[in-house]
Amino acid sequence: METGTIPLADLAGGMDLYRTLESGQTYLWRREDGEMYRTEPAPGTWYSTVVDGEVIRVRTADGRLEWQSTTDAEPTVRRLLRLDDDLEAIVDAAPDDPLLREAYEAHRGMRLVTDPAFGCLISFICSAQMRVSRIHGMVSTLAREYGTPLDVDGRTYYAFPTPEQLATATEAELRELGLGYRAPYVVRTAEMVADGEAHPAEARNLEYEAARDYLCQFVGVGDKVADCVLLFSLGFDEAVPLDTWIKSAIEDYYPDCDRGSYAATSRAIRDRLGGEYAGYAQTYIFHHLRTGE
DNA sequence: GACCAGGTAGCAA
DNA sequence: TTGCTACATGGT
């Protein structure tokens with residue numbers, strides 16, 4: 001394993017690995033004590049993921065972010081965890097409203113993530129009407145059942161399945177694995193990508209609302225899931241997924257932003273939350289309200 | 001035993 | 001376009 005360290009002091013605005021990886025943005029990392037979404041991790045607990053066939057582990061200890069990987073992964077770690085974001089500047093530039101200030105203050109160091117597009121897409125198809133801990137469980141199950149296992153230093157890691165691997169699954173199998181009514185959505189979307197009909201990464205080159213419409217062609221993907229993929233994978237920091245929590249925030253804190261339709265409400269709340277980095281603001285508000293912390 | 005969870009598809013008006 | 005409703009499943 002190759003290793004490296006990055007001083008947390010070099011990361012403007014800090015880095016809270018726990019809040020970043022356990023705030024319901026990404027379901028593609030696993031905590032090596034197996035207690036993800038149940039308890040706070042002990043200091044120095046490792047998280048791991050697999051990207052492009054390479055195992056990557058990260059943890060924070062002694063004021064540093066440490067990584068280990070089967071390859072030189074520092075550029076990948078920087079990308080996945082958005083270490084080059086100037087979080088301090090993002091927070092300072094955010095609109096000065098009470099809820100947002102409170103959320104940013106309560107969760108200092110939480111960063112957005114960059115997930116691989118296909119894994120992110122499937123994760124959020126699974127997320128419909130589901131608690132974050134169970135979404136994580138489903139995604140882990142898909143990796144274990146259909147992904148490529150990698151044995152490194154006596155541990156087995158599972159890559160999230162490729163579109164081709166996941167397209168071999170049947171609806172019945174996925175129902176058996178507890179995906180419920182999402183099972184056919186996952187199979188059909190995997191088939192669409194495997195067949196070359198469309199690929200979520202294609203949306204990266206489009207204008208924001210066109211990108212959202214593009215993603216909605218996948219089965220099981222509506223406006224909200226599309227916004228999650230844009231925000232957590234494709235670099236659209238202005239995307240504001242309108243989920244149950246942000247809708248309650250709109251009702252309680254930004255009632256004038258409720259414009260009826262998803263598209264119109266989305267534009268209004270995006271402007272209210274600062275436009276360019278509205279998705280950052282949304283993620284903090286989501287986590288703040290959902291955890292009650 | 002309701003009620004809820006990072007909603008969407010399908011259909012009617 | 002907008003407004004229902006059915007859809008699985010596990011935790012509280």
# chains A, B, ... in the order shown; residues from 1 in each chain; ligands from 1
call {"tool": "residues_around", "arguments": {"residues": "Leu166 (chain A)", "least_positions_apart": "4", "cutoff": "9 Å", "atoms": "only C-alpha atoms (C1' of nucleotides)", "output": "VMD selection string"}}
result
chain A and resid 142 146 to 147 161 to 162 170 186 to 187 190 to 191 194
call {"tool": "residues_around", "arguments": {"residues": "region 49-59 of chain A", "least_positions_apart": "5", "cutoff": "9 Å", "atoms": "only C-alpha atoms (C1' of nucleotides)", "output": "PyMOL selection string"}}
result
chain A and resi 17+28-30+43-44+64-71+73+76-77+116+148+150+152+157-160
call {"tool": "residues_around", "arguments": {"residues": "DA13 (chain B)", "least_positions_apart": "3", "cutoff": "12 Å", "atoms": "only C-alpha atoms (C1' of nucleotides)", "output": "list of chain:residue names"}}
result
C:DT1, C:DT2, C:DG3, C:DC4
call {"tool": "write_last_selection", "arguments": {"atoms": "all heavy atoms", "output": "PDB file, in the first residue's frame"}}
result
ATOM      1  P    DT C   1     -44.762  21.504 -20.429  1.00  0.00           P
ATOM      2  OP1  DT C   1     -43.653  22.434 -20.545  1.00  0.00           O
ATOM      3  OP2  DT C   1     -44.494  20.100 -20.127  1.00  0.00           O
ATOM      4  O5'  DT C   1     -45.790  22.117 -19.376  1.00  0.00           O
ATOM      5  C5'  DT C   1     -45.742  21.675 -18.017  1.00  0.00           C
ATOM      6  C4'  DT C   1     -47.057  22.088 -17.358  1.00  0.00           C
ATOM      7  O4'  DT C   1     -48.148  21.338 -17.958  1.00  0.00           O
ATOM      8  C3'  DT C   1     -47.066  21.762 -15.869  1.00  0.00           C
ATOM      9  O3'  DT C   1     -47.463  22.893 -15.147  1.00  0.00           O
ATOM     10  C2'  DT C   1     -48.023  20.594 -15.738  1.00  0.00           C
ATOM     11  C1'  DT C   1     -48.922  20.721 -16.957  1.00  0.00           C
ATOM     12  N1   DT C   1     -49.362  19.384 -17.452  1.00  0.00           N
ATOM     13  C2   DT C   1     -50.569  18.883 -17.043  1.00  0.00           C
ATOM     14  O2   DT C   1     -51.311  19.488 -16.278  1.00  0.00           O
ATOM     15  N3   DT C   1     -50.890  17.655 -17.554  1.00  0.00           N
ATOM     16  C4   DT C   1     -50.132  16.882 -18.420  1.00  0.00           C
ATOM     17  O4   DT C   1     -50.515  15.799 -18.796  1.00  0.00           O
ATOM     18  C5   DT C   1     -48.873  17.460 -18.801  1.00  0.00           C
ATOM     19  C7   DT C   1     -47.946  16.730 -19.740  1.00  0.00           C
ATOM     20  C6   DT C   1     -48.539  18.655 -18.316  1.00  0.00           C
ATOM     21  P    DT C   2     -47.143  23.016 -13.564  1.00  0.00           P
ATOM     22  OP1  DT C   2     -47.256  24.431 -13.157  1.00  0.00           O
ATOM     23  OP2  DT C   2     -45.910  22.258 -13.339  1.00  0.00           O
ATOM     24  O5'  DT C   2     -48.357  22.214 -12.904  1.00  0.00           O
ATOM     25  C5'  DT C   2     -49.667  22.751 -12.969  1.00  0.00           C
ATOM     26  C4'  DT C   2     -50.649  21.781 -12.337  1.00  0.00           C
ATOM     27  O4'  DT C   2     -50.802  20.616 -13.183  1.00  0.00           O
ATOM     28  C3'  DT C   2     -50.244  21.257 -10.953  1.00  0.00           C
ATOM     29  O3'  DT C   2     -51.331  21.436 -10.063  1.00  0.00           O
ATOM     30  C2'  DT C   2     -49.928  19.785 -11.202  1.00  0.00           C
ATOM     31  C1'  DT C   2     -50.855  19.466 -12.366  1.00  0.00           C
ATOM     32  N1   DT C   2     -50.455  18.302 -13.197  1.00  0.00           N
ATOM     33  C2   DT C   2     -51.387  17.316 -13.441  1.00  0.00           C
ATOM     34  O2   DT C   2     -52.523  17.359 -12.999  1.00  0.00           O
ATOM     35  N3   DT C   2     -50.938  16.279 -14.222  1.00  0.00           N
ATOM     36  C4   DT C   2     -49.675  16.136 -14.774  1.00  0.00           C
ATOM     37  O4   DT C   2     -49.396  15.172 -15.451  1.00  0.00           O
ATOM     38  C5   DT C   2     -48.760  17.195 -14.479  1.00  0.00           C
ATOM     39  C7   DT C   2     -47.361  17.148 -15.018  1.00  0.00           C
ATOM     40  C6   DT C   2     -49.178  18.225 -13.708  1.00  0.00           C
ATOM     41  P    DG C   3     -51.250  21.046  -8.512  1.00  0.00           P
ATOM     42  OP1  DG C   3     -52.042  22.025  -7.732  1.00  0.00           O
ATOM     43  OP2  DG C   3     -49.828  20.813  -8.191  1.00  0.00           O
ATOM     44  O5'  DG C   3     -52.013  19.655  -8.489  1.00  0.00           O
ATOM     45  C5'  DG C   3     -53.359  19.582  -8.954  1.00  0.00           C
ATOM     46  C4'  DG C   3     -53.920  18.215  -8.688  1.00  0.00           C
ATOM     47  O4'  DG C   3     -53.397  17.273  -9.665  1.00  0.00           O
ATOM     48  C3'  DG C   3     -53.558  17.639  -7.315  1.00  0.00           C
ATOM     49  O3'  DG C   3     -54.669  16.914  -6.803  1.00  0.00           O
ATOM     50  C2'  DG C   3     -52.387  16.718  -7.633  1.00  0.00           C
ATOM     51  C1'  DG C   3     -52.777  16.187  -9.003  1.00  0.00           C
ATOM     52  N9   DG C   3     -51.659  15.755  -9.825  1.00  0.00           N
ATOM     53  C8   DG C   3     -50.450  16.384  -9.977  1.00  0.00           C
ATOM     54  N7   DG C   3     -49.644  15.768 -10.792  1.00  0.00           N
ATOM     55  C5   DG C   3     -50.359  14.654 -11.212  1.00  0.00           C
ATOM     56  C6   DG C   3     -50.010  13.609 -12.103  1.00  0.00           C
ATOM     57  O6   DG C   3     -48.955  13.453 -12.722  1.00  0.00           O
ATOM     58  N1   DG C   3     -51.044  12.681 -12.243  1.00  0.00           N
ATOM     59  C2   DG C   3     -52.250  12.754 -11.605  1.00  0.00           C
ATOM     60  N2   DG C   3     -53.121  11.777 -11.854  1.00  0.00           N
ATOM     61  N3   DG C   3     -52.598  13.729 -10.769  1.00  0.00           N
ATOM     62  C4   DG C   3     -51.606  14.632 -10.629  1.00  0.00           C
ATOM     63  P    DC C   4     -54.635  16.400  -5.290  1.00  0.00           P
ATOM     64  OP1  DC C   4     -55.977  15.819  -5.004  1.00  0.00           O
ATOM     65  OP2  DC C   4     -54.087  17.463  -4.431  1.00  0.00           O
ATOM     66  O5'  DC C   4     -53.541  15.251  -5.341  1.00  0.00           O
ATOM     67  C5'  DC C   4     -53.750  14.034  -4.620  1.00  0.00           C
ATOM     68  C4'  DC C   4     -54.594  13.070  -5.416  1.00  0.00           C
ATOM     69  O4'  DC C   4     -54.158  13.050  -6.799  1.00  0.00           O
ATOM     70  C3'  DC C   4     -54.492  11.656  -4.889  1.00  0.00           C
ATOM     71  O3'  DC C   4     -55.753  11.018  -4.826  1.00  0.00           O
ATOM     72  C2'  DC C   4     -53.531  10.958  -5.839  1.00  0.00           C
ATOM     73  C1'  DC C   4     -53.582  11.799  -7.120  1.00  0.00           C
ATOM     74  N1   DC C   4     -52.208  12.038  -7.647  1.00  0.00           N
ATOM     75  C2   DC C   4     -51.643  11.123  -8.550  1.00  0.00           C
ATOM     76  O2   DC C   4     -52.307  10.134  -8.884  1.00  0.00           O
ATOM     77  N3   DC C   4     -50.389  11.344  -9.003  1.00  0.00           N
ATOM     78  C4   DC C   4     -49.714  12.425  -8.623  1.00  0.00           C
ATOM     79  N4   DC C   4     -48.484  12.601  -9.111  1.00  0.00           N
ATOM     80  C5   DC C   4     -50.276  13.360  -7.709  1.00  0.00           C
ATOM     81  C6   DC C   4     -51.506  13.139  -7.245  1.00  0.00           C
TER      82       DC C   4
END
call {"tool": "closest_atom_pairs", "arguments": {"of": "chain A", "to": "chain C", "cutoff": "8 Å", "atoms": "only C-alpha atoms (C1' of nucleotides)", "output": "JSON lines"}}
result
{"residue": "A:Gly178", "atom": "CA", "partner": "C:DT9", "partner_atom": "C1'", "distance": 7.0}
{"residue": "A:Leu179", "atom": "CA", "partner": "C:DA8", "partner_atom": "C1'", "distance": 7.3}
{"residue": "A:Gly180", "atom": "CA", "partner": "C:DA8", "partner_atom": "C1'", "distance": 4.0}
{"residue": "A:Tyr181", "atom": "CA", "partner": "C:DA8", "partner_atom": "C1'", "distance": 5.5}
call {"tool": "select_by_dssp", "arguments": {"residues": "region 87-202 of chain A", "states": "alpha helix (DSSP H)", "output": "ChimeraX atom specification"}}
result
/A:87-93,98-106,117-126,132-146,163-167,171-176,183-194
call {"tool": "residues_around", "arguments": {"residues": "region 5-9 of chain B", "least_positions_apart": "6", "cutoff": "9 Å", "atoms": "only C-alpha atoms (C1' of nucleotides)", "output": "JSON, numbers by chain"}}
result
{"A": [24, 25, 124, 125, 127, 128, 129, 130, 131, 132, 219, 220, 221, 222, 224, 225, 228, 241, 242, 243, 244, 245, 286]}
call {"tool": "atom_distance", "arguments": {"atom1": "CA of Glu22 (chain A)", "atom2": "CA of Met36 (chain A)"}}
result
7.2 Å
call {"tool": "atom_distance", "arguments": {"atom1": "CA of Gly235 (chain A)", "atom2": "CA of Thr114 (chain A)"}}
result
7.4 Å
call {"tool": "closest_residue", "arguments": {"among": "A:Arg175, A:Met138, A:Ser133, A:Gly274", "to": "chain B", "atoms": "only C-alpha atoms (C1' of nucleotides)"}}
result
A:Ser133
call {"tool": "atom_distance", "arguments": {"atom1": "CA of Asp227 (chain A)", "atom2": "CA of Arg111 (chain A)"}}
result
17.2 Å
